[in-house]
Amino acid sequence: MATASHELRNPLNGIVGMLELIERHVKENLSVHKYWQVAYNSSNLLQFLVNDLLDYSKIEAGKLTLYFERFKPAELIKETIKLLQF
């Protein structure tokens, strides 16, 4: 699974990184920025999905380490809604 993790995450990180770099160039063009926003949000959601799938495989293998930390549910919901807006 470590190989699959590397093979899935590296290209996806490259896509997200490139989208972050070109953001400033498309901000001024509203029609292009709308397309950029869809691509950026979709790639971030895909990253979350890949991470969840890889975590699920770690759970099945008994190798997932859990970390506990405090958080504010309202802030988490707001952040999630921002990611889901296209």
# chains A, B, ... in the order shown; residues from 1 in each chain; ligands from 1
$ closest_atom_pairs --of "segment 35-63 of chain A" --to "segment 4-23 of chain A" --cutoff "9 Å" --atoms "only C-alpha atoms" --output "CSV"
residue,atom,partner,partner_atom,distance
A:Trp36,CA,A:Leu19,CA,7.4
A:Gln37,CA,A:Glu23,CA,8.7
A:Ala39,CA,A:Leu19,CA,7.9
A:Tyr40,CA,A:Leu19,CA,6.3
A:Ser43,CA,A:Val16,CA,6.3
A:Asn44,CA,A:Val16,CA,7.1
A:Leu46,CA,A:Leu12,CA,8.1
A:Gln47,CA,A:Leu12,CA,6.9
A:Val50,CA,A:Leu8,CA,7.4
A:Asn51,CA,A:Arg9,CA,8.3
A:Leu54,CA,A:Ser5,CA,6.8
$ write_last_selection --atoms "C-alpha atoms" --output "PDB file, in the first residue's frame"
ATOM      1  CA  TRP A  36      -9.957  27.243 -12.053  1.00  0.00           C
ATOM      2  CA  GLN A  37     -12.061  27.164  -8.873  1.00  0.00           C
ATOM      3  CA  ALA A  39     -10.564  22.297 -10.840  1.00  0.00           C
ATOM      4  CA  TYR A  40      -8.975  23.380  -7.563  1.00  0.00           C
ATOM      5  CA  SER A  43      -8.561  18.205  -6.837  1.00  0.00           C
ATOM      6  CA  ASN A  44      -8.704  19.015  -3.119  1.00  0.00           C
ATOM      7  CA  LEU A  46      -9.974  14.033  -4.571  1.00  0.00           C
ATOM      8  CA  GLN A  47      -7.011  14.401  -2.203  1.00  0.00           C
ATOM      9  CA  VAL A  50      -7.480   9.299  -1.618  1.00  0.00           C
ATOM     10  CA  ASN A  51      -6.302   9.984   1.926  1.00  0.00           C
ATOM     11  CA  LEU A  54      -5.450   4.943   2.227  1.00  0.00           C
TER      12      LEU A  54
END
$ residues_around --residues "Val38 of chain A" --least-positions-apart "6" --cutoff "10 Å" --atoms "only C-alpha atoms" --output "list in words"
Asn44, Leu83, Leu84, Gln85 and Phe86 of chain A
$ atom_distance --atom1 "atom CA of Val32 of chain A" --atom2 "atom CA of Glu75 of chain A"
29.2 Å
$ select_by_dssp --residues "segment 7-76 of chain A" --states "alpha helix (DSSP H)" --output "PyMOL selection string"
chain A and resi 7-26+30-61+73-76
